[in-house]
file my_file-v8.cif (mmCIF, C-alpha atoms)
data_work
loop_
_atom_site.label_atom_id
_atom_site.label_comp_id
_atom_site.auth_asym_id
_atom_site.auth_seq_id
_atom_site.Cartn_x
_atom_site.Cartn_y
_atom_site.Cartn_z
CA GLN A 1 2.41 2.71 -5.03
CA LEU A 2 5.63 2.38 -3.08
CA GLN A 3 8.67 1.29 -5.06
CA LEU A 4 11.97 0.20 -3.56
CA VAL A 5 15.33 0.00 -5.31
CA GLU A 6 18.40 -1.49 -3.66
CA SER A 7 21.96 -0.66 -4.63
CA GLY A 8 25.48 -0.89 -3.27
CA GLY A 9 26.17 -4.59 -3.45
CA GLY A 10 29.36 -6.05 -4.83
CA LEU A 11 32.38 -8.24 -4.23
CA VAL A 12 34.37 -7.59 -1.06
CA GLN A 13 37.10 -9.40 0.81
CA PRO A 14 36.50 -10.88 4.27
CA GLY A 15 36.78 -8.12 6.84
CA GLY A 16 35.72 -5.49 4.35
CA SER A 17 32.75 -3.15 4.30
CA LEU A 18 29.83 -2.25 2.06
CA ARG A 19 26.95 0.17 2.35
CA LEU A 20 23.64 -0.85 0.84
CA SER A 21 20.95 1.66 -0.05
CA CYS A 22 17.21 1.17 -0.34
CA ALA A 23 15.71 4.11 -2.19
CA ALA A 24 11.95 4.54 -1.92
CA SER A 25 9.63 6.40 -4.26
CA GLY A 26 5.89 6.84 -4.51
CA SER A 27 5.34 7.36 -0.78
CA SER A 28 7.11 8.66 2.30
CA LEU A 29 8.95 6.16 4.47
CA ASP A 30 7.47 7.98 7.48
CA TYR A 31 4.58 5.55 6.93
CA TYR A 32 6.65 2.38 6.65
CA SER A 33 9.08 0.37 8.66
CA ILE A 34 11.81 -1.09 6.50
CA GLY A 35 13.31 -4.51 6.85
CA TRP A 36 16.51 -5.85 5.34
CA PHE A 37 16.47 -9.52 4.38
CA ARG A 38 18.94 -11.77 2.65
CA GLN A 39 18.87 -15.05 0.79
CA ALA A 40 21.92 -17.22 0.26
CA PRO A 41 21.99 -19.95 -2.42
CA GLY A 42 20.00 -22.95 -1.30
CA LYS A 43 18.75 -21.24 1.85
CA GLU A 44 15.55 -19.58 2.90
CA ARG A 45 15.25 -15.82 2.97
CA GLU A 46 16.03 -14.50 6.44
CA GLY A 47 15.69 -11.25 8.29
CA VAL A 48 18.79 -9.19 8.98
CA SER A 49 17.72 -5.84 10.38
CA CYS A 50 14.86 -3.36 10.49
CA ILE A 51 14.17 0.29 11.24
CA SER A 52 10.88 1.75 12.38
CA SER A 53 9.03 4.47 10.50
CA SER A 54 9.95 6.91 13.29
CA ARG A 55 13.63 5.98 12.77
CA LYS A 56 13.89 5.63 16.58
CA VAL A 57 13.91 1.82 16.74
CA THR A 58 16.36 -0.49 15.03
CA LYS A 59 16.75 -4.24 15.39
CA TYR A 60 19.36 -6.78 14.31
CA VAL A 61 19.59 -10.52 14.23
CA ASP A 62 22.34 -11.97 16.41
CA SER A 63 24.60 -12.92 13.50
CA VAL A 64 25.04 -9.28 12.42
CA LYS A 65 24.87 -7.42 15.73
CA GLY A 66 27.83 -5.14 16.20
CA ARG A 67 28.74 -5.36 12.51
CA PHE A 68 25.72 -3.96 10.65
CA THR A 69 24.00 -0.61 11.16
CA VAL A 70 20.67 0.42 9.66
CA SER A 71 19.77 4.08 9.34
CA ARG A 72 17.53 6.65 7.69
CA TYR A 73 18.17 10.35 8.00
CA THR A 74 15.62 13.10 8.54
CA GLY A 75 13.94 14.06 5.28
CA ASP A 76 15.63 11.20 3.45
CA ASN A 77 13.51 8.57 1.72
CA THR A 78 16.40 6.12 1.59
CA VAL A 79 17.38 3.49 4.14
CA TYR A 80 21.00 2.46 4.47
CA LEU A 81 22.58 -0.75 5.71
CA GLU A 82 26.20 -0.26 6.68
CA MET A 83 27.94 -3.63 6.77
CA ASN A 84 31.38 -3.96 8.38
CA SER A 85 33.65 -6.89 9.20
CA LEU A 86 31.99 -8.89 6.47
CA GLU A 87 32.28 -12.66 6.55
CA SER A 88 31.80 -15.31 3.90
CA ASP A 89 28.50 -16.28 5.57
CA ASP A 90 27.18 -12.80 4.71
CA THR A 91 27.23 -13.72 1.02
CA ALA A 92 23.66 -13.45 -0.24
CA VAL A 93 21.21 -11.41 -2.23
CA TYR A 94 20.05 -8.59 0.03
CA TYR A 95 16.52 -7.22 -0.19
CA CYS A 96 14.75 -4.34 1.49
CA ALA A 97 11.03 -4.52 2.12
CA ALA A 98 8.39 -2.13 3.46
CA ASP A 99 5.80 -2.79 6.15
CA ALA A 100 2.91 -0.34 6.50
CA SER A 101 1.09 -2.20 9.27
CA ALA A 102 2.41 -0.12 12.18
CA GLY A 103 1.45 3.16 10.54
CA TYR A 104 2.81 6.69 10.55
CA TYR A 105 5.87 7.48 12.68
CA SER A 106 5.68 4.24 14.62
CA ASP A 107 8.32 2.87 17.01
CA TRP A 108 7.91 -0.69 15.78
CA CYS A 109 9.62 -2.95 13.30
CA THR A 110 10.37 -6.65 12.97
CA THR A 111 13.04 -8.82 11.38
CA ILE A 112 10.53 -11.65 11.05
CA LEU A 113 9.62 -12.27 7.45
CA ASP A 114 5.85 -12.08 7.19
CA LEU A 115 4.64 -11.41 3.66
CA ASN A 116 1.31 -10.25 5.03
CA ASP A 117 3.18 -7.29 6.53
CA TYR A 118 6.19 -6.88 4.25
CA ALA A 119 4.19 -6.36 1.08
CA ASP A 120 6.56 -4.23 -1.00
CA TRP A 121 10.01 -5.49 -2.00
CA GLY A 122 12.97 -4.31 -3.98
CA GLN A 123 14.68 -6.37 -6.65
CA GLY A 124 17.67 -7.26 -4.48
CA THR A 125 21.40 -6.59 -4.65
CA GLN A 126 24.12 -9.24 -4.59
CA VAL A 127 26.74 -9.18 -1.85
CA THR A 128 29.66 -11.57 -2.25
CA VAL A 129 32.31 -11.87 0.43
CA SER A 130 35.31 -13.76 -0.88
CA SER A 131 39.08 -13.56 -1.07
#
call {"tool": "encode", "arguments": {"input": "my_file-v8.cif", "output": "structure tokens"}}
result
Amino acid sequence: QLQLVESGGGLVQPGGSLRLSCAASGSSLDYYSIGWFRQAPGKEREGVSCISSSRKVTKYVDSVKGRFTVSRYTGDNTVYLEMNSLESDDTAVYYCAADASAGYYSDWCTTILDLNDYADWGQGTQVTVSS
């Protein structure tokens, strides 16, 4: 059973940076694409970024392009989300989720939230951008 644990959230001033981690246990992430999602108060959960199980493909929604970077290093079962130039609109609880549908070492991932695919979720980590 795959388990995901997010960490790295916190309070940061506008323009600042944070790095979120999504540590996986119970299975290798070589079998899963990982998506990052966020949910702000009163809003629906939305996709932010994803990385394929091969680590070769990454995707970002327009609102974070050029500011966020998702990565996973060889032999590492943790996915990172580097967030720079943070804005107040980035304030949310951030979640990572795993999608096994594309299989081992696939070049596919999606930022679309489909619970039929993203079946395993972490508990979330709060990111607050405020002066």
call {"tool": "atom_distance", "arguments": {"input": "my_file-v8.cif", "atom1": "CA of Val61 (chain A)", "atom2": "CA of Gly15 (chain A)"}}
result
18.9 Å
call {"tool": "closest_atom_pairs", "arguments": {"input": "my_file-v8.cif", "of": "region 40-70 of chain A", "to": "region 114-128 of chain A", "cutoff": "12 Å", "atoms": "only C-alpha atoms", "output": "tab-separated table"}}
result
residue	atom	partner	partner_atom	distance
A:Ala40	CA	A:Gln126	CA	9.6
A:Pro41	CA	A:Gln126	CA	11.1
A:Arg45	CA	A:Asp114	CA	11.0
A:Glu46	CA	A:Asp114	CA	10.5
A:Gly47	CA	A:Asp114	CA	9.9
A:Cys50	CA	A:Tyr118	CA	11.2
call {"tool": "residues_near_point", "arguments": {"input": "my_file-v8.cif", "point": "(27.0, -13.9, 3.6)", "cutoff": "8 Å", "atoms": "all atoms listed in the file", "output": "list in words"}}
result
Ala40, Leu86, Glu87, Ser88, Asp89, Asp90, Thr91, Ala92, Val127, Thr128 and Val129 of chain A
call {"tool": "closest_residue", "arguments": {"input": "my_file-v8.cif", "among": "A:Tyr105, A:Tyr73, A:Trp36, A:Tyr94", "to": "Tyr60 (chain A)", "atoms": "all atoms listed in the file"}}
result
A:Trp36
call {"tool": "atom_distance", "arguments": {"input": "my_file-v8.cif", "atom1": "CA of Arg19 (chain A)", "atom2": "CA of Trp108 (chain A)"}}
result
23.3 Å
call {"tool": "residues_near_point", "arguments": {"input": "my_file-v8.cif", "point": "(5.1, 1.7, -6.6)", "cutoff": "8 Å", "atoms": "only C-alpha atoms", "output": "CSV table (one decimal) with C-alpha atoms, in the frame of the given file"}}
result
chain,number,residue,atom,x,y,z
A,1,GLN,CA,2.4,2.7,-5.0
A,2,LEU,CA,5.6,2.4,-3.1
A,3,GLN,CA,8.7,1.3,-5.1
A,4,LEU,CA,12.0,0.2,-3.6
A,25,SER,CA,9.6,6.4,-4.3
A,26,GLY,CA,5.9,6.8,-4.5
call {"tool": "closest_residue", "arguments": {"input": "my_file-v8.cif", "among": "A:Ser52, A:Ser21, A:Ser131, A:Ser28", "to": "Asn77 (chain A)", "atoms": "only C-alpha atoms"}}
result
A:Ser28
call {"tool": "atom_distance", "arguments": {"input": "my_file-v8.cif", "atom1": "CA of Ser54 (chain A)", "atom2": "CA of Glu6 (chain A)"}}
result
20.7 Å
call {"tool": "resolve_selection", "arguments": {"input": "my_file-v8.cif", "expression": "the PyMOL selection byres ((chain A and resi 18) around 10)", "output": "list in words"}}
result
Gly8, Gly9, Gly10, Leu11, Val12, Gly16, Ser17, Arg19, Leu20, Ser21, Phe68, Leu81, Glu82, Met83, Asn84, Ser85, Leu86 and Val127 of chain A
call {"tool": "write_last_selection", "arguments": {"input": "my_file-v8.cif", "atoms": "C-alpha atoms", "output": "PDB file, in the frame of the given file"}}
result
ATOM      1  CA  GLY A   8      25.480  -0.890  -3.270  1.00  0.00           C
ATOM      2  CA  GLY A   9      26.170  -4.590  -3.450  1.00  0.00           C
ATOM      3  CA  GLY A  10      29.360  -6.050  -4.830  1.00  0.00           C
ATOM      4  CA  LEU A  11      32.380  -8.240  -4.230  1.00  0.00           C
ATOM      5  CA  VAL A  12      34.370  -7.590  -1.060  1.00  0.00           C
ATOM      6  CA  GLY A  16      35.720  -5.490   4.350  1.00  0.00           C
ATOM      7  CA  SER A  17      32.750  -3.150   4.300  1.00  0.00           C
ATOM      8  CA  ARG A  19      26.950   0.170   2.350  1.00  0.00           C
ATOM      9  CA  LEU A  20      23.640  -0.850   0.840  1.00  0.00           C
ATOM     10  CA  SER A  21      20.950   1.660  -0.050  1.00  0.00           C
ATOM     11  CA  PHE A  68      25.720  -3.960  10.650  1.00  0.00           C
ATOM     12  CA  LEU A  81      22.580  -0.750   5.710  1.00  0.00           C
ATOM     13  CA  GLU A  82      26.200  -0.260   6.680  1.00  0.00           C
ATOM     14  CA  MET A  83      27.940  -3.630   6.770  1.00  0.00           C
ATOM     15  CA  ASN A  84      31.380  -3.960   8.380  1.00  0.00           C
ATOM     16  CA  SER A  85      33.650  -6.890   9.200  1.00  0.00           C
ATOM     17  CA  LEU A  86      31.990  -8.890   6.470  1.00  0.00           C
ATOM     18  CA  VAL A 127      26.740  -9.180  -1.850  1.00  0.00           C
TER      19      VAL A 127
END
call {"tool": "closest_residue", "arguments": {"input": "my_file-v8.cif", "among": "A:Val79, A:Lys56, A:Phe37, A:Val70", "to": "Cys22 (chain A)", "atoms": "all atoms listed in the file"}}
result
A:Val79
call {"tool": "resolve_selection", "arguments": {"input": "my_file-v8.cif", "expression": "the PyMOL selection byres ((chain A and resi 111) around 7)", "output": "PyMOL selection string"}}
result
chain A and resi 35+47-50+110+112-113
call {"tool": "write_last_selection", "arguments": {"input": "my_file-v8.cif", "atoms": "C-alpha atoms", "output": "short mmCIF file (atom, residue, chain, number, x, y, z; two decimals), in the coordinates of the input"}}
result
data_model
loop_
_atom_site.label_atom_id
_atom_site.label_comp_id
_atom_site.auth_asym_id
_atom_site.auth_seq_id
_atom_site.Cartn_x
_atom_site.Cartn_y
_atom_site.Cartn_z
CA GLY A 35 13.31 -4.51 6.85
CA GLY A 47 15.69 -11.25 8.29
CA VAL A 48 18.79 -9.19 8.98
CA SER A 49 17.72 -5.84 10.38
CA CYS A 50 14.86 -3.36 10.49
CA THR A 110 10.37 -6.65 12.97
CA ILE A 112 10.53 -11.65 11.05
CA LEU A 113 9.62 -12.27 7.45
#
call {"tool": "closest_residue", "arguments": {"input": "my_file-v8.cif", "among": "A:Thr58, A:Ser130, A:Ser53, A:Thr69", "to": "Pro14 (chain A)", "atoms": "all atoms listed in the file"}}
result
A:Ser130
call {"tool": "closest_residue", "arguments": {"input": "my_file-v8.cif", "among": "A:Ser101, A:Thr78, A:Ser106, A:Ser27", "to": "Val5 (chain A)", "atoms": "only C-alpha atoms"}}
result
A:Thr78
call {"tool": "closest_residue", "arguments": {"input": "my_file-v8.cif", "among": "A:Cys109, A:Ala102, A:Val93, A:Leu29", "to": "Lys43 (chain A)", "atoms": "all atoms listed in the file"}}
result
A:Val93
call {"tool": "decode", "arguments": {"input": "my_file-v8.cif", "residues": "region 76-119 of chain A", "atoms": "N, CA and C atoms", "output": "JSON list (two decimals), in the first residue's frame"}}
result
[["chain", "number", "residue", "atom", "x", "y", "z"],
["A", 76, "ASP", "N", 15.41, 8.21, -5.79],
["A", 76, "ASP", "CA", 14.74, 8.91, -4.70],
["A", 76, "ASP", "C", 13.25, 8.64, -4.77],
["A", 77, "ASN", "N", 12.66, 8.28, -3.67],
["A", 77, "ASN", "CA", 11.22, 8.02, -3.63],
["A", 77, "ASN", "C", 10.45, 9.21, -3.08],
["A", 78, "THR", "N", 10.99, 10.39, -3.30],
["A", 78, "THR", "CA", 10.37, 11.64, -2.87],
["A", 78, "THR", "C", 10.25, 12.57, -4.07],
["A", 79, "VAL", "N", 9.11, 13.23, -4.16],
["A", 79, "VAL", "CA", 8.88, 14.25, -5.19],
["A", 79, "VAL", "C", 8.91, 15.61, -4.51],
["A", 80, "TYR", "N", 9.55, 16.55, -5.19],
["A", 80, "TYR", "CA", 9.69, 17.90, -4.66],
["A", 80, "TYR", "C", 8.92, 18.89, -5.52],
["A", 81, "LEU", "N", 8.40, 19.92, -4.87],
["A", 81, "LEU", "CA", 7.79, 21.04, -5.57],
["A", 81, "LEU", "C", 8.47, 22.30, -5.08],
["A", 82, "GLU", "N", 9.33, 22.84, -5.92],
["A", 82, "GLU", "CA", 10.02, 24.09, -5.60],
["A", 82, "GLU", "C", 9.13, 25.24, -6.04],
["A", 83, "MET", "N", 8.79, 26.12, -5.10],
["A", 83, "MET", "CA", 7.88, 27.21, -5.38],
["A", 83, "MET", "C", 8.60, 28.53, -5.14],
["A", 84, "ASN", "N", 8.73, 29.33, -6.19],
["A", 84, "ASN", "CA", 9.39, 30.63, -6.11],
["A", 84, "ASN", "C", 8.42, 31.74, -6.46],
["A", 85, "SER", "N", 8.81, 32.96, -6.15],
["A", 85, "SER", "CA", 7.99, 34.14, -6.44],
["A", 85, "SER", "C", 6.55, 33.93, -5.98],
["A", 86, "LEU", "N", 6.41, 33.48, -4.77],
["A", 86, "LEU", "CA", 5.07, 33.14, -4.26],
["A", 86, "LEU", "C", 4.20, 34.37, -4.15],
["A", 87, "GLU", "N", 2.92, 34.15, -4.41],
["A", 87, "GLU", "CA", 1.91, 35.21, -4.39],
["A", 87, "GLU", "C", 0.83, 34.83, -3.39],
["A", 88, "SER", "N", 0.06, 35.81, -3.00],
["A", 88, "SER", "CA", -1.02, 35.54, -2.03],
["A", 88, "SER", "C", -2.01, 34.51, -2.57],
["A", 89, "ASP", "N", -2.20, 34.49, -3.89],
["A", 89, "ASP", "CA", -3.13, 33.52, -4.48],
["A", 89, "ASP", "C", -2.62, 32.08, -4.40],
["A", 90, "ASP", "N", -1.36, 31.90, -4.03],
["A", 90, "ASP", "CA", -0.81, 30.56, -3.87],
["A", 90, "ASP", "C", -1.15, 29.97, -2.49],
["A", 91, "THR", "N", -1.75, 30.77, -1.63],
["A", 91, "THR", "CA", -2.13, 30.29, -0.31],
["A", 91, "THR", "C", -3.16, 29.18, -0.42],
["A", 92, "ALA", "N", -2.85, 28.03, 0.15],
["A", 92, "ALA", "CA", -3.72, 26.86, 0.05],
["A", 92, "ALA", "C", -3.11, 25.71, 0.84],
["A", 93, "VAL", "N", -3.90, 24.66, 1.00],
["A", 93, "VAL", "CA", -3.34, 23.39, 1.45],
["A", 93, "VAL", "C", -2.89, 22.65, 0.19],
["A", 94, "TYR", "N", -1.65, 22.20, 0.20],
["A", 94, "TYR", "CA", -1.07, 21.50, -0.94],
["A", 94, "TYR", "C", -1.03, 20.00, -0.67],
["A", 95, "TYR", "N", -1.47, 19.24, -1.65],
["A", 95, "TYR", "CA", -1.52, 17.79, -1.55],
["A", 95, "TYR", "C", -0.73, 17.16, -2.70],
["A", 96, "CYS", "N", -0.09, 16.05, -2.43],
["A", 96, "CYS", "CA", 0.43, 15.23, -3.52],
["A", 96, "CYS", "C", -0.44, 13.97, -3.60],
["A", 97, "ALA", "N", -0.52, 13.44, -4.80],
["A", 97, "ALA", "CA", -1.34, 12.26, -5.05],
["A", 97, "ALA", "C", -0.65, 11.38, -6.09],
["A", 98, "ALA", "N", -0.92, 10.09, -6.03],
["A", 98, "ALA", "CA", -0.26, 9.13, -6.91],
["A", 98, "ALA", "C", -1.26, 8.50, -7.87],
["A", 99, "ASP", "N", -0.81, 8.36, -9.12],
["A", 99, "ASP", "CA", -1.63, 7.77, -10.18],
["A", 99, "ASP", "C", -0.86, 6.59, -10.77],
["A", 100, "ALA", "N", -1.43, 5.40, -10.64],
["A", 100, "ALA", "CA", -0.77, 4.19, -11.15],
["A", 100, "ALA", "C", -1.24, 3.81, -12.54],
["A", 101, "SER", "N", -2.16, 4.54, -13.12],
["A", 101, "SER", "CA", -2.82, 4.09, -14.34],
["A", 101, "SER", "C", -1.89, 3.99, -15.54],
["A", 102, "ALA", "N", -0.86, 4.82, -15.60],
["A", 102, "ALA", "CA", 0.02, 4.80, -16.77],
["A", 102, "ALA", "C", 1.11, 3.73, -16.66],
["A", 103, "GLY", "N", 1.31, 3.19, -15.45],
["A", 103, "GLY", "CA", 2.22, 2.08, -15.31],
["A", 103, "GLY", "C", 3.68, 2.44, -15.10],
["A", 104, "TYR", "N", 4.52, 1.43, -15.18],
["A", 104, "TYR", "CA", 5.94, 1.55, -14.87],
["A", 104, "TYR", "C", 6.67, 2.42, -15.88],
["A", 105, "TYR", "N", 7.44, 3.36, -15.38],
["A", 105, "TYR", "CA", 8.34, 4.21, -16.16],
["A", 105, "TYR", "C", 7.64, 4.82, -17.37],
["A", 106, "SER", "N", 6.50, 5.39, -17.13],
["A", 106, "SER", "CA", 5.70, 6.00, -18.19],
["A", 106, "SER", "C", 6.06, 7.46, -18.38],
["A", 107, "ASP", "N", 5.83, 7.97, -19.59],
["A", 107, "ASP", "CA", 6.05, 9.38, -19.90],
["A", 107, "ASP", "C", 4.73, 10.15, -19.91],
["A", 108, "TRP", "N", 3.89, 9.87, -18.96],
["A", 108, "TRP", "CA", 2.57, 10.50, -18.93],
["A", 108, "TRP", "C", 2.23, 10.94, -17.53],
["A", 109, "CYS", "N", 1.63, 12.11, -17.43],
["A", 109, "CYS", "CA", 1.02, 12.54, -16.18],
["A", 109, "CYS", "C", -0.03, 13.59, -16.52],
["A", 110, "THR", "N", -0.89, 13.91, -15.56],
["A", 110, "THR", "CA", -1.93, 14.90, -15.79],
["A", 110, "THR", "C", -2.13, 15.76, -14.56],
["A", 111, "THR", "N", -2.48, 17.02, -14.78],
["A", 111, "THR", "CA", -2.84, 17.90, -13.67],
["A", 111, "THR", "C", -4.35, 17.92, -13.44],
["A", 112, "ILE", "N", -5.07, 17.14, -14.22],
["A", 112, "ILE", "CA", -6.52, 17.05, -14.06],
["A", 112, "ILE", "C", -6.83, 16.14, -12.88],
["A", 113, "LEU", "N", -7.66, 16.60, -12.00],
["A", 113, "LEU", "CA", -8.01, 15.85, -10.81],
["A", 113, "LEU", "C", -9.08, 14.84, -11.15],
["A", 114, "ASP", "N", -8.68, 13.58, -11.24],
["A", 114, "ASP", "CA", -9.61, 12.48, -11.47],
["A", 114, "ASP", "C", -9.36, 11.46, -10.38],
["A", 115, "LEU", "N", -10.29, 11.32, -9.47],
["A", 115, "LEU", "CA", -10.09, 10.43, -8.33],
["A", 115, "LEU", "C", -10.07, 8.96, -8.74],
["A", 116, "ASN", "N", -10.52, 8.68, -9.96],
["A", 116, "ASN", "CA", -10.40, 7.30, -10.44],
["A", 116, "ASN", "C", -8.94, 6.96, -10.73],
["A", 117, "ASP", "N", -8.15, 7.98, -11.05],
["A", 117, "ASP", "CA", -6.73, 7.77, -11.34],
["A", 117, "ASP", "C", -5.87, 8.12, -10.13],
["A", 118, "TYR", "N", -6.08, 9.27, -9.56],
["A", 118, "TYR", "CA", -5.32, 9.69, -8.37],
["A", 118, "TYR", "C", -5.98, 9.08, -7.14],
["A", 119, "ALA", "N", -5.56, 7.86, -6.82],
["A", 119, "ALA", "CA", -6.24, 7.10, -5.78],
["A", 119, "ALA", "C", -5.59, 7.23, -4.41]]
